[in-house]
2 protein chains.
Amino acid sequence: MSFSIPERSTLKGPNFIRAVFERGAGIPGFISFGIGNPAPEAIPVKAIQDAFDKLVHENPMLLLQYGPMQGDAHLAEQTLHRLVNTHHMNPDGQSLLISVGAGQLLGLVPRTVCEPGDEVYMDAYTFTSGINAVRNTGAIAKGIAMDEFGMIPEALDEAVKSGKGKYVYLIPNFQNPTGITMPLERRKAIYEVASKHDLFIYEDDPYGEIRFAGDYVPTFKSFDTENRVLYAGSYSKTLSAGLRVGFMFGPKEVVDVIQVLKNNCDGQMPLVTQRVVSTVLDNVSYDEQIEEVRRVYKMKWDAMYETFQQYASSKVHITVPTGGMFAWMTMPEDVDCDAFFEACMEHKVGIVPSGAFAADGIPNGRAFRLSYTVPTVETIKEGMKILGELTVQFCGK
Amino acid sequence: MSFSIPERSTLKGPNFIRAVFERGAGIPGFISFGIGNPAPEAIPVKAIQDAFDKLVHENPMLLLQYGPMQGDAHLAEQTLHRLVNTHHMNPDGQSLLISVGAGQLLGLVPRTVCEPGDEVYMDAYTFTSGINAVRNTGAIAKGIAMDEFGMIPEALDEAVKSGKGKYVYLIPNFQNPTGITMPLERRKAIYEVASKHDLFIYEDDPYGEIRFAGDYVPTFKSFDTENRVLYAGSYSKTLSAGLRVGFMFGPKEVVDVIQVLKNNCDGQMPLVTQRVVSTVLDNVSYDEQIEEVRRVYKMKWDAMYETFQQYASSKVHITVPTGGMFAWMTMPEDVDCDAFFEACMEHKVGIVPSGAFAADGIPNGRAFRLSYTVPTVETIKEGMKILGELTVQFCGK
């Protein structure tokens with residue numbers, strides 16, 4: 001038979017991240033700044049093993065039977081407690097939902113709220129699945145111009161004039177892929193535009209806890225006086241990505257609808273993974289664990305940045321992240337970026353071209369994402385020396 | 001702000017299963033035939049604990065980092081091997097996808113292939129999430145009349161004349177909620193109607209391995225000469241529901257699209273749960289494990305049926321499942337089913353009214369789902385005596 005599949009279901013951008021991974025896989029000495037995996041040495045392996053041992057042997061039936069659709073109640077309490085007490089979010093009229101990583105939310109939000117043709121505004125360059133998941137609902141993932149502080153409020157205001165706007169998707173802290181953190185004044189300006197046009201804001205904050213420099217910037221959710229922010233977080237970057245535990249916190253009237261749709265359409269989540277996270281949170285100091293993640297990430301970013309400054313062309317710009325996992329390297333206008341990318345691959349250094357992150361209406365661009373979390377400090381220095389020397393070859397001193 | 005949420009996202013039937021569960025929870029001596037959980041004593045706890053111990057301690061990093069989007073490759077191999085060798089499915093031109101339980105597929109399939117207004121045909125009474133997940137995409141979950149052999153081909157043929165048909169959703173083995181198994185001739189007749197109108201068939205088979213009486217009936221997928229069957233299975237009923245591991249096997253051109261959409265929109269699955277299933281399959285005889293599940297289920301169904309025959313009104317009909325977890329009890333026409341249900345609840349016996357399973361266009365009906373898997377044999381006998389005596393009170397001897 002011939003299957004007719006709606007076009008929206010097949011829409012996606014180029015998968016450069018995987019392409020880089022696959023080209024590098026199996027090549028001896030290949031140095032990857034491509035994959036956005038957390039640093040393995042910052043995963044609290046022992047605490048996680050202890051949690052598994054306890055749960056699997058103490059009361060295995062709690063893990064092996066169907067459980068509550070909403071997920072683990074204790075984990076929800078622990079999560080809410082941190083959002084309210086550490087991040088100063090107001091719980092009144094809000095609901096919390098546990099998800100299979102923050103990744104599950106990228107699809108759940110647009111497919112709950114969007115109609116085909118609706119516009120979702122996002123940074124010109126943003127997280128690939130954040131773009132594709134919107135496209136797959138039949139909505140439009142519209143890229144909005146950015147500057148060094150992130151999304152430009154005036155550009156958002158202009159785009160919203162189409163009258164098709166549904167919400168704004170943002171990663172305000174240590175953005176993927178640019179590493180940019182939006183300052184508070186900019187957040188307030190964006191919030192004002194959202195307020196003016198009655199859009200809601202999907203604040204995706206998987207990296208928020210991993211600040212290793214500069215001052216804490218309040219989340220949108222913490223000053224959400226008009227109840228228009230859906231806040232998403234994750235334990236993937238602070239504890240373990242493989243466990244797939246994330247959460248969403250926001251207005252009850254929306255989050256409860258998302259929860260029911262999730263129950264109907266996605267089924268239950270595994271129990272053991274949620275309870276391992278919950279048990280680890282009970283047994284270790286989460287603040288100390290996060291400090292350790294920050295320490296490792298800072299050390300690795302410092303190694304990347306120092307080597308970049310030492311070897312790279314002065315004509316190449318790199319963002320200076322104050323947390324998270326990514327930096328964004330922009331090439332001068334006259335350089336052939338495809339050739340530069342190929343030269344890096346030939347010299348066994350993997351970076352991700354900006355086209356991987358380009359929302360609708362945005363060209364490929366002249367930039368590359370560099371992730372510094374997985375390689376060791378030594379390997380980072382080695383790779384950045386190669387990369388830096390290549391920038392000089394292509395752009396001059 | 002006021003959130004405008006599309007109506008389709010909020011569509012769902014009454015949640016009678018949960019209502020029965022909640023009314024019974026905490027009542028001492030309450031006997032539930034309501035919840036469709038697997039029998040706890042048939043879960044291979046020791047083998048699962050051993051798998052966790054091995055995986056968590058041997059190479060924890062394999063579980064704790066992001067992994068392959070497609071899921072665990074070894075589990076995919078093991079699953080494919082069984083489908084091909086035990087269930088005689090032809091792998092040519094097919095793909096296999098691992099999912100977070102078969103439950104995740106209930107949403108993934110319609111949201112990949114359906115446009116709003118498309119019709120999905122299903123048994124008049126079928127699995128609640130199978131109905132709701134279609135409604136939530138904006139497609140129509142259209143109930144098709146059934147007889148003792150399941151969906152009636154002529155009724156399907158008639159419904160398809162709307163010209164809006166997309167696919168047929170079926171649970172051919174030990175159907176939820178009726179316990180009916182569709183005989184081979186009926187499967188062929190349904191396949192013929194699907195062929196005539198170029199519909200595909202979504203064959204949902206989570207209970208298929210748990211046959212405890214009668215002869216094996218070949219799956220639709222095993223005689224799918226026209227490449228129009230998407231087959232879904234699960235390890236929830238044979239190993240553990242809490243681990244949430246299911247799979248889909250079908251035409252590459254559809255399953256690969258579903259896989260990519262899943263990657264974009266749902267993110268990765270937990271690794272540990274997939275690898276525990278895979279390790280258990282490596283270390284125990286799956287056939288012997290399934291034999292044990294069948295033995296337990298048969299013993300419990302026999303207890304239910306014998307007690308029913310001993311005490312129930314001759315005017316009440318019950319299906320006789322040859323596997324799976326459910327039987328379907330139909331009341332005579334003149335009985336007040338709401339009053340009967342309330343009487344059961346008052347006498348501390350939980351059953352689920354048919355309205356919980358009614359697809360679009362189907363009335364509540366005069367039937368109840370009975371699940372026999374969780375209570376002990378003693379409790380089943382006790383509950384069925386109460387239930388039987390109540391049927392006599394309401395319907396006469």
# chains A, B, ... in the order shown; residues from 1 in each chain; ligands from 1
$ select_by_dssp --residues "region 59-141 of chain A" --states "strand (DSSP E or B)" --output "compact mmCIF listing (two decimals) with all heavy atoms, in the first residue's frame"
# COMPACT_ATOMS: atom_id res chain seq x y z
N GLN A 94 -0.37 27.12 40.34
CA GLN A 94 0.54 26.43 39.43
C GLN A 94 0.43 24.91 39.61
O GLN A 94 0.06 24.43 40.68
CB GLN A 94 1.99 26.85 39.67
CG GLN A 94 2.22 28.35 39.73
CD GLN A 94 1.89 29.05 38.42
OE1 GLN A 94 2.44 28.74 37.38
NE2 GLN A 94 0.96 30.00 38.46
N SER A 95 0.79 24.17 38.57
CA SER A 95 0.92 22.72 38.67
C SER A 95 2.32 22.31 38.25
O SER A 95 2.98 23.02 37.48
CB SER A 95 -0.09 22.01 37.76
OG SER A 95 -1.39 22.14 38.26
N LEU A 96 2.74 21.15 38.75
CA LEU A 96 4.03 20.60 38.36
C LEU A 96 3.80 19.24 37.70
O LEU A 96 2.99 18.44 38.17
CB LEU A 96 4.93 20.43 39.58
CG LEU A 96 6.34 19.98 39.21
CD1 LEU A 96 7.35 21.05 39.61
CD2 LEU A 96 6.71 18.66 39.85
N LEU A 97 4.52 19.02 36.64
CA LEU A 97 4.38 17.78 35.86
C LEU A 97 5.77 17.16 35.72
O LEU A 97 6.73 17.87 35.45
CB LEU A 97 3.80 18.18 34.51
CG LEU A 97 3.66 17.25 33.33
CD1 LEU A 97 2.58 17.81 32.39
CD2 LEU A 97 4.95 17.12 32.55
N ILE A 98 5.87 15.85 35.95
CA ILE A 98 7.15 15.15 35.75
C ILE A 98 7.14 14.56 34.33
O ILE A 98 6.12 14.04 33.87
CB ILE A 98 7.33 14.01 36.78
CG1 ILE A 98 7.21 14.53 38.22
CG2 ILE A 98 8.66 13.28 36.57
CD1 ILE A 98 8.38 15.31 38.72
N SER A 99 8.27 14.62 33.64
CA SER A 99 8.32 14.17 32.24
C SER A 99 9.54 13.28 32.00
O SER A 99 10.45 13.21 32.82
CB SER A 99 8.38 15.38 31.31
OG SER A 99 9.50 16.20 31.63
N VAL A 100 9.52 12.58 30.87
CA VAL A 100 10.66 11.75 30.45
C VAL A 100 11.74 12.69 29.89
O VAL A 100 11.85 12.90 28.69
CB VAL A 100 10.23 10.70 29.41
CG1 VAL A 100 11.42 9.83 28.99
CG2 VAL A 100 9.11 9.82 29.93
N GLU A 119 2.10 30.46 14.96
CA GLU A 119 3.53 30.76 15.01
C GLU A 119 4.09 30.64 16.43
O GLU A 119 3.48 31.12 17.38
CB GLU A 119 3.79 32.18 14.47
CG GLU A 119 3.53 32.28 12.98
CD GLU A 119 3.72 33.67 12.42
OE1 GLU A 119 3.91 34.62 13.21
OE2 GLU A 119 3.67 33.82 11.18
N VAL A 120 5.23 29.99 16.52
CA VAL A 120 5.95 29.92 17.79
C VAL A 120 7.26 30.68 17.57
O VAL A 120 8.00 30.39 16.63
CB VAL A 120 6.23 28.47 18.21
CG1 VAL A 120 7.08 28.41 19.47
CG2 VAL A 120 4.92 27.71 18.41
N TYR A 121 7.52 31.67 18.42
CA TYR A 121 8.71 32.50 18.25
C TYR A 121 9.85 31.93 19.08
O TYR A 121 9.65 31.52 20.22
CB TYR A 121 8.38 33.94 18.67
CG TYR A 121 7.18 34.43 17.91
CD1 TYR A 121 5.95 34.63 18.54
CD2 TYR A 121 7.24 34.61 16.52
CE1 TYR A 121 4.84 35.02 17.83
CE2 TYR A 121 6.12 35.00 15.79
CZ TYR A 121 4.93 35.20 16.45
OH TYR A 121 3.82 35.57 15.74
N MET A 122 11.00 31.91 18.49
CA MET A 122 12.16 31.37 19.18
C MET A 122 13.42 32.08 18.69
O MET A 122 13.38 32.78 17.67
CB MET A 122 12.26 29.86 18.94
CG MET A 122 12.22 29.43 17.50
SD MET A 122 12.13 27.61 17.35
CE MET A 122 10.48 27.28 17.91
N ASP A 123 14.52 31.91 19.42
CA ASP A 123 15.78 32.52 18.99
C ASP A 123 16.11 32.04 17.58
O ASP A 123 15.86 30.88 17.22
CB ASP A 123 16.90 32.10 19.94
CG ASP A 123 16.77 32.76 21.31
OD1 ASP A 123 16.40 33.95 21.37
OD2 ASP A 123 17.02 32.07 22.32
N TYR A 125 18.75 31.09 16.32
CA TYR A 125 19.46 29.82 16.47
C TYR A 125 19.10 29.25 17.84
O TYR A 125 19.30 29.91 18.86
CB TYR A 125 20.98 30.01 16.35
CG TYR A 125 21.35 30.54 14.99
CD1 TYR A 125 21.64 31.89 14.81
CD2 TYR A 125 21.34 29.70 13.88
CE1 TYR A 125 21.93 32.38 13.54
CE2 TYR A 125 21.64 30.18 12.62
CZ TYR A 125 21.93 31.53 12.44
OH TYR A 125 22.20 32.00 11.20
N ILE A 140 4.44 26.93 12.94
CA ILE A 140 5.63 27.52 12.32
C ILE A 140 6.63 27.90 13.41
O ILE A 140 6.30 28.65 14.33
CB ILE A 140 5.26 28.82 11.54
CG1 ILE A 140 3.99 28.64 10.71
CG2 ILE A 140 6.44 29.31 10.70
CD1 ILE A 140 4.10 27.66 9.58
N ALA A 141 7.85 27.38 13.29
CA ALA A 141 8.92 27.70 14.25
C ALA A 141 9.66 28.93 13.76
O ALA A 141 10.62 28.82 13.01
CB ALA A 141 9.87 26.51 14.37
$ interface_residues --of "chain B" --to "chain A" --cutoff "6 Å" --atoms "only C-alpha atoms" --output "short mmCIF file (atom, residue, chain, number, x, y, z; two decimals) with all heavy atoms, in the first residue's frame"
data_model
loop_
_atom_site.label_atom_id
_atom_site.label_comp_id
_atom_site.auth_asym_id
_atom_site.auth_seq_id
_atom_site.Cartn_x
_atom_site.Cartn_y
_atom_site.Cartn_z
N ILE B 5 -6.75 26.96 24.29
CA ILE B 5 -6.28 25.60 24.02
C ILE B 5 -7.25 24.94 23.05
O ILE B 5 -8.45 24.99 23.26
CB ILE B 5 -6.17 24.81 25.35
CG1 ILE B 5 -5.06 25.42 26.21
CG2 ILE B 5 -5.91 23.33 25.10
CD1 ILE B 5 -4.95 24.87 27.59
N SER B 9 -7.35 18.97 22.23
CA SER B 9 -6.39 18.64 23.29
C SER B 9 -7.08 18.26 24.59
O SER B 9 -6.47 17.66 25.47
CB SER B 9 -5.45 19.82 23.56
OG SER B 9 -4.68 20.10 22.43
N LEU B 63 24.48 3.59 31.21
CA LEU B 63 23.08 3.88 31.56
C LEU B 63 22.84 5.35 31.82
O LEU B 63 21.71 5.83 31.76
CB LEU B 63 22.69 3.13 32.84
CG LEU B 63 23.08 1.66 32.96
CD1 LEU B 63 22.71 1.15 34.34
CD2 LEU B 63 22.39 0.84 31.88
N LEU B 64 23.91 6.07 32.18
CA LEU B 64 23.72 7.39 32.79
C LEU B 64 23.94 8.54 31.83
O LEU B 64 23.60 9.68 32.12
CB LEU B 64 24.63 7.53 34.02
CG LEU B 64 24.42 6.45 35.10
CD1 LEU B 64 25.32 6.69 36.29
CD2 LEU B 64 22.96 6.37 35.53
N GLN B 65 24.50 8.25 30.69
CA GLN B 65 24.75 9.27 29.67
C GLN B 65 23.65 9.18 28.61
O GLN B 65 22.93 8.18 28.57
CB GLN B 65 26.13 8.96 29.06
CG GLN B 65 26.91 10.04 28.39
CD GLN B 65 27.03 11.38 29.07
OE1 GLN B 65 26.05 12.11 29.18
NE2 GLN B 65 28.25 11.73 29.46
N TYR B 66 23.51 10.20 27.77
CA TYR B 66 22.63 10.04 26.60
C TYR B 66 23.09 8.82 25.81
O TYR B 66 24.28 8.50 25.76
CB TYR B 66 22.69 11.27 25.68
CG TYR B 66 22.02 12.50 26.24
CD1 TYR B 66 22.77 13.61 26.61
CD2 TYR B 66 20.64 12.55 26.41
CE1 TYR B 66 22.15 14.75 27.12
CE2 TYR B 66 20.03 13.68 26.92
CZ TYR B 66 20.78 14.77 27.28
OH TYR B 66 20.18 15.89 27.79
N GLY B 103 2.24 1.98 25.25
CA GLY B 103 1.41 3.17 25.48
C GLY B 103 1.88 4.38 24.69
O GLY B 103 1.07 5.17 24.20
N GLN B 104 3.18 4.55 24.54
CA GLN B 104 3.70 5.70 23.79
C GLN B 104 3.28 5.64 22.33
O GLN B 104 3.12 6.67 21.67
CB GLN B 104 5.23 5.73 23.89
CG GLN B 104 5.85 7.00 23.32
CD GLN B 104 7.37 7.00 23.32
OE1 GLN B 104 8.00 5.96 23.32
NE2 GLN B 104 7.97 8.19 23.32
N LEU B 106 0.43 4.58 21.15
CA LEU B 106 -0.98 4.96 20.97
C LEU B 106 -1.11 6.41 20.55
O LEU B 106 -2.01 6.76 19.78
CB LEU B 106 -1.76 4.73 22.28
CG LEU B 106 -1.89 3.28 22.70
CD1 LEU B 106 -2.53 3.19 24.08
CD2 LEU B 106 -2.71 2.49 21.69
N GLY B 107 -0.21 7.25 21.04
CA GLY B 107 -0.22 8.64 20.62
C GLY B 107 0.63 8.87 19.38
O GLY B 107 0.28 9.65 18.50
N THR B 112 1.44 11.04 13.99
CA THR B 112 2.29 11.04 12.81
C THR B 112 1.46 11.03 11.53
O THR B 112 1.76 11.74 10.57
CB THR B 112 3.23 9.82 12.80
OG1 THR B 112 3.99 9.81 14.00
CG2 THR B 112 4.19 9.85 11.61
N VAL B 113 0.40 10.23 11.50
CA VAL B 113 -0.28 10.01 10.21
C VAL B 113 -1.59 10.77 10.03
O VAL B 113 -2.04 10.91 8.90
CB VAL B 113 -0.55 8.50 9.98
CG1 VAL B 113 0.74 7.68 10.09
CG2 VAL B 113 -1.61 7.95 10.91
N SER B 129 -7.12 4.63 26.24
CA SER B 129 -6.08 5.52 25.69
C SER B 129 -5.99 5.39 24.17
O SER B 129 -5.59 6.34 23.49
CB SER B 129 -4.72 5.22 26.32
OG SER B 129 -4.72 5.61 27.67
N ASN B 132 -8.70 7.96 23.25
CA ASN B 132 -8.38 9.35 23.58
C ASN B 132 -7.20 9.89 22.79
O ASN B 132 -7.19 11.06 22.41
CB ASN B 132 -8.08 9.46 25.08
CG ASN B 132 -9.35 9.33 25.92
OD1 ASN B 132 -10.45 9.64 25.46
ND2 ASN B 132 -9.20 8.86 27.14
N ALA B 133 -6.21 9.04 22.55
CA ALA B 133 -5.02 9.52 21.84
C ALA B 133 -5.37 9.92 20.41
O ALA B 133 -4.77 10.85 19.86
CB ALA B 133 -3.93 8.45 21.84
N SER B 240 7.57 -6.86 32.99
CA SER B 240 7.24 -5.86 34.00
C SER B 240 6.67 -4.62 33.34
O SER B 240 7.27 -4.06 32.42
CB SER B 240 8.49 -5.49 34.79
OG SER B 240 8.36 -4.19 35.35
N ALA B 241 5.51 -4.18 33.84
CA ALA B 241 4.86 -2.99 33.28
C ALA B 241 5.59 -1.71 33.68
O ALA B 241 5.64 -0.75 32.91
CB ALA B 241 3.41 -2.93 33.74
N GLY B 242 6.16 -1.71 34.90
CA GLY B 242 6.81 -0.50 35.39
C GLY B 242 8.06 -0.11 34.62
O GLY B 242 8.49 1.04 34.67
N LEU B 243 8.65 -1.06 33.90
CA LEU B 243 9.85 -0.74 33.13
C LEU B 243 9.52 0.04 31.86
O LEU B 243 10.36 0.73 31.31
CB LEU B 243 10.63 -2.02 32.79
CG LEU B 243 11.23 -2.76 33.99
CD1 LEU B 243 11.87 -4.07 33.53
CD2 LEU B 243 12.27 -1.90 34.71
N ARG B 244 8.29 -0.10 31.37
CA ARG B 244 7.82 0.66 30.22
C ARG B 244 8.69 0.42 28.97
O ARG B 244 9.37 1.31 28.48
CB ARG B 244 7.77 2.18 30.49
CG ARG B 244 7.21 2.64 31.80
CD ARG B 244 5.76 2.27 32.05
NE ARG B 244 4.87 2.63 30.98
CZ ARG B 244 4.16 1.74 30.29
NH1 ARG B 244 4.23 0.44 30.54
NH2 ARG B 244 3.36 2.13 29.34
N ASN B 264 12.45 13.77 17.55
CA ASN B 264 12.29 15.22 17.62
C ASN B 264 11.42 15.64 18.78
O ASN B 264 11.70 16.64 19.44
CB ASN B 264 11.61 15.75 16.36
CG ASN B 264 12.50 15.71 15.15
OD1 ASN B 264 13.72 15.71 15.27
ND2 ASN B 264 11.90 15.68 13.97
N CYS B 265 10.32 14.95 18.97
CA CYS B 265 9.23 15.46 19.81
C CYS B 265 9.18 14.84 21.19
O CYS B 265 8.64 15.44 22.12
CB CYS B 265 7.88 15.24 19.14
SG CYS B 265 7.76 15.99 17.52
N ASP B 266 9.67 13.63 21.35
CA ASP B 266 9.55 12.96 22.65
C ASP B 266 10.90 12.82 23.33
O ASP B 266 10.97 12.49 24.51
CB ASP B 266 8.96 11.55 22.49
CG ASP B 266 7.53 11.58 21.97
OD1 ASP B 266 7.02 12.68 21.67
OD2 ASP B 266 6.91 10.51 21.86
N GLY B 267 11.96 13.03 22.59
CA GLY B 267 13.30 12.89 23.15
C GLY B 267 13.68 11.44 23.36
O GLY B 267 12.97 10.53 22.93
N PRO B 270 14.70 6.33 28.57
CA PRO B 270 15.69 5.88 29.56
C PRO B 270 16.40 4.64 29.03
O PRO B 270 15.80 3.80 28.35
CB PRO B 270 14.84 5.52 30.77
CG PRO B 270 13.57 6.27 30.61
CD PRO B 270 13.34 6.35 29.13
N LEU B 271 17.66 4.51 29.35
CA LEU B 271 18.46 3.39 28.88
C LEU B 271 18.35 2.18 29.80
O LEU B 271 18.29 1.03 29.34
CB LEU B 271 19.92 3.82 28.78
CG LEU B 271 20.18 4.88 27.71
CD1 LEU B 271 21.51 5.56 27.95
CD2 LEU B 271 20.13 4.24 26.33
#
$ closest_residue --among "B:Gly214, B:Pro206, B:Gly323, B:Gly250" --to "Gly233 (chain B)" --atoms "only C-alpha atoms"
B:Pro206
$ closest_residue --among "A:Arg186, A:Ala303, A:Pro28, A:Ile17" --to "Glu378 (chain A)" --atoms "only C-alpha atoms"
A:Ala303
$ residues_around --residues "Pro363 (chain A)" --least-positions-apart "6" --cutoff "10 Å" --atoms "only C-alpha atoms" --output "ChimeraX atom specification"
/A:124-125,143,354-355,357
$ write_last_selection --atoms "C-alpha atoms" --output "mmCIF file, in the first residue's frame"
data_model
loop_
_atom_site.group_PDB
_atom_site.id
_atom_site.type_symbol
_atom_site.label_atom_id
_atom_site.label_comp_id
_atom_site.auth_asym_id
_atom_site.auth_seq_id
_atom_site.Cartn_x
_atom_site.Cartn_y
_atom_site.Cartn_z
ATOM 1 C CA ALA A 124 17.086 32.600 15.417
ATOM 2 C CA TYR A 125 19.456 29.820 16.475
ATOM 3 C CA GLY A 143 13.255 32.516 14.212
ATOM 4 C CA SER A 354 24.966 26.854 12.813
ATOM 5 C CA GLY A 355 22.496 25.519 10.246
ATOM 6 C CA PHE A 357 20.069 25.284 14.926
#
$ select_by_dssp --residues "region 52-83 of chain A" --states "alpha helix (DSSP H)" --output "PyMOL selection string"
chain A and resi 52-58+61-64+73-83
$ write_last_selection --atoms "C-alpha atoms" --output "compact mmCIF listing (two decimals), in the first residue's frame"
# COMPACT_ATOMS: atom_id res chain seq x y z
CA PHE A 52 19.42 1.64 42.49
CA ASP A 53 20.63 -0.96 45.00
CA LYS A 54 18.24 0.27 47.66
CA LEU A 55 15.19 0.58 45.41
CA VAL A 56 15.69 -2.62 43.46
CA HIS A 57 16.11 -4.72 46.61
CA GLU A 58 13.96 -3.03 49.25
CA MET A 61 7.28 -4.23 43.27
CA LEU A 62 7.07 -0.45 43.61
CA LEU A 63 9.18 -0.23 40.45
CA LEU A 64 7.85 -3.12 38.41
CA ALA A 73 4.83 12.14 44.15
CA HIS A 74 7.93 12.51 46.33
CA LEU A 75 10.01 13.64 43.36
CA ALA A 76 7.33 16.19 42.51
CA GLU A 77 7.49 17.53 46.08
CA GLN A 78 11.28 17.75 46.05
CA THR A 79 11.23 19.52 42.70
CA LEU A 80 8.55 21.98 43.73
CA HIS A 81 10.38 22.71 46.97
CA ARG A 82 13.50 23.76 45.08
CA LEU A 83 11.60 25.88 42.56
$ residues_around --residues "Val284 (chain B)" --least-positions-apart "4" --cutoff "10 Å" --atoms "only C-alpha atoms" --output "list of chain:residue names"
B:Pro44, B:Ala47, B:Ile48, B:Thr279, B:Val280, B:Glu288, B:Gln289
$ write_last_selection --atoms "all heavy atoms" --output "PDB file, in the first residue's frame"
ATOM      1  N   PRO B  44       9.051 -11.653  36.973  1.00  0.00           N
ATOM      2  CA  PRO B  44      10.293 -12.361  37.338  1.00  0.00           C
ATOM      3  C   PRO B  44      11.235 -11.456  38.131  1.00  0.00           C
ATOM      4  O   PRO B  44      12.267 -11.010  37.622  1.00  0.00           O
ATOM      5  CB  PRO B  44      10.883 -12.734  35.979  1.00  0.00           C
ATOM      6  CG  PRO B  44      10.392 -11.664  35.050  1.00  0.00           C
ATOM      7  CD  PRO B  44       9.042 -11.221  35.565  1.00  0.00           C
ATOM      8  N   ALA B  47      15.137 -12.244  38.466  1.00  0.00           N
ATOM      9  CA  ALA B  47      15.887 -12.031  37.222  1.00  0.00           C
ATOM     10  C   ALA B  47      16.054 -10.540  36.929  1.00  0.00           C
ATOM     11  O   ALA B  47      17.097 -10.096  36.430  1.00  0.00           O
ATOM     12  CB  ALA B  47      15.185 -12.724  36.057  1.00  0.00           C
ATOM     13  N   ILE B  48      15.035  -9.772  37.244  1.00  0.00           N
ATOM     14  CA  ILE B  48      15.106  -8.327  37.017  1.00  0.00           C
ATOM     15  C   ILE B  48      16.079  -7.686  37.996  1.00  0.00           C
ATOM     16  O   ILE B  48      16.898  -6.838  37.614  1.00  0.00           O
ATOM     17  CB  ILE B  48      13.694  -7.694  37.105  1.00  0.00           C
ATOM     18  CG1 ILE B  48      12.827  -8.179  35.932  1.00  0.00           C
ATOM     19  CG2 ILE B  48      13.774  -6.178  37.126  1.00  0.00           C
ATOM     20  CD1 ILE B  48      11.367  -7.752  35.996  1.00  0.00           C
ATOM     21  N   THR B 279      18.742  -7.681  29.183  1.00  0.00           N
ATOM     22  CA  THR B 279      19.559  -8.586  29.993  1.00  0.00           C
ATOM     23  C   THR B 279      18.723  -9.761  30.507  1.00  0.00           C
ATOM     24  O   THR B 279      19.185 -10.907  30.509  1.00  0.00           O
ATOM     25  CB  THR B 279      20.199  -7.809  31.171  1.00  0.00           C
ATOM     26  OG1 THR B 279      20.973  -6.735  30.624  1.00  0.00           O
ATOM     27  CG2 THR B 279      21.085  -8.693  32.015  1.00  0.00           C
ATOM     28  N   VAL B 280      17.499  -9.479  30.943  1.00  0.00           N
ATOM     29  CA  VAL B 280      16.618 -10.568  31.388  1.00  0.00           C
ATOM     30  C   VAL B 280      16.387 -11.541  30.236  1.00  0.00           C
ATOM     31  O   VAL B 280      16.446 -12.764  30.416  1.00  0.00           O
ATOM     32  CB  VAL B 280      15.285 -10.011  31.935  1.00  0.00           C
ATOM     33  CG1 VAL B 280      14.274 -11.136  32.167  1.00  0.00           C
ATOM     34  CG2 VAL B 280      15.517  -9.241  33.231  1.00  0.00           C
ATOM     35  N   GLU B 288       9.777 -19.898  29.000  1.00  0.00           N
ATOM     36  CA  GLU B 288       9.406 -20.403  30.330  1.00  0.00           C
ATOM     37  C   GLU B 288       8.751 -19.316  31.177  1.00  0.00           C
ATOM     38  O   GLU B 288       7.798 -19.578  31.915  1.00  0.00           O
ATOM     39  CB  GLU B 288      10.639 -20.963  31.057  1.00  0.00           C
ATOM     40  CG  GLU B 288      11.024 -22.350  30.552  1.00  0.00           C
ATOM     41  CD  GLU B 288      12.345 -22.839  31.151  1.00  0.00           C
ATOM     42  OE1 GLU B 288      12.704 -22.401  32.266  1.00  0.00           O
ATOM     43  OE2 GLU B 288      13.016 -23.655  30.475  1.00  0.00           O
ATOM     44  N   GLN B 289       9.273 -18.110  31.061  1.00  0.00           N
ATOM     45  CA  GLN B 289       8.674 -16.990  31.797  1.00  0.00           C
ATOM     46  C   GLN B 289       7.228 -16.789  31.347  1.00  0.00           C
ATOM     47  O   GLN B 289       6.319 -16.610  32.169  1.00  0.00           O
ATOM     48  CB  GLN B 289       9.524 -15.727  31.577  1.00  0.00           C
ATOM     49  CG  GLN B 289       8.847 -14.401  31.923  1.00  0.00           C
ATOM     50  CD  GLN B 289       8.384 -14.310  33.377  1.00  0.00           C
ATOM     51  OE1 GLN B 289       8.854 -15.032  34.253  1.00  0.00           O
ATOM     52  NE2 GLN B 289       7.406 -13.437  33.613  1.00  0.00           N
TER      53      GLN B 289
END
$ residues_around --residues "Ala19 (chain A)" --least-positions-apart "3" --cutoff "12 Å" --atoms "only C-alpha atoms" --output "list in words"
Pro14, Asn15, Phe16, Glu22, Arg23, Gly24, Ala25, Ser32, Gly34, Ile35, Met345, Gly350, Ile351, Val352, Pro353 and Ala356 of chain A
$ residues_around --residues "Val296 (chain A)" --least-positions-apart "3" --cutoff "8 Å" --atoms "only C-alpha atoms" --output "number ranges by chain"
A: 39, 41-42, 292-293, 299-300
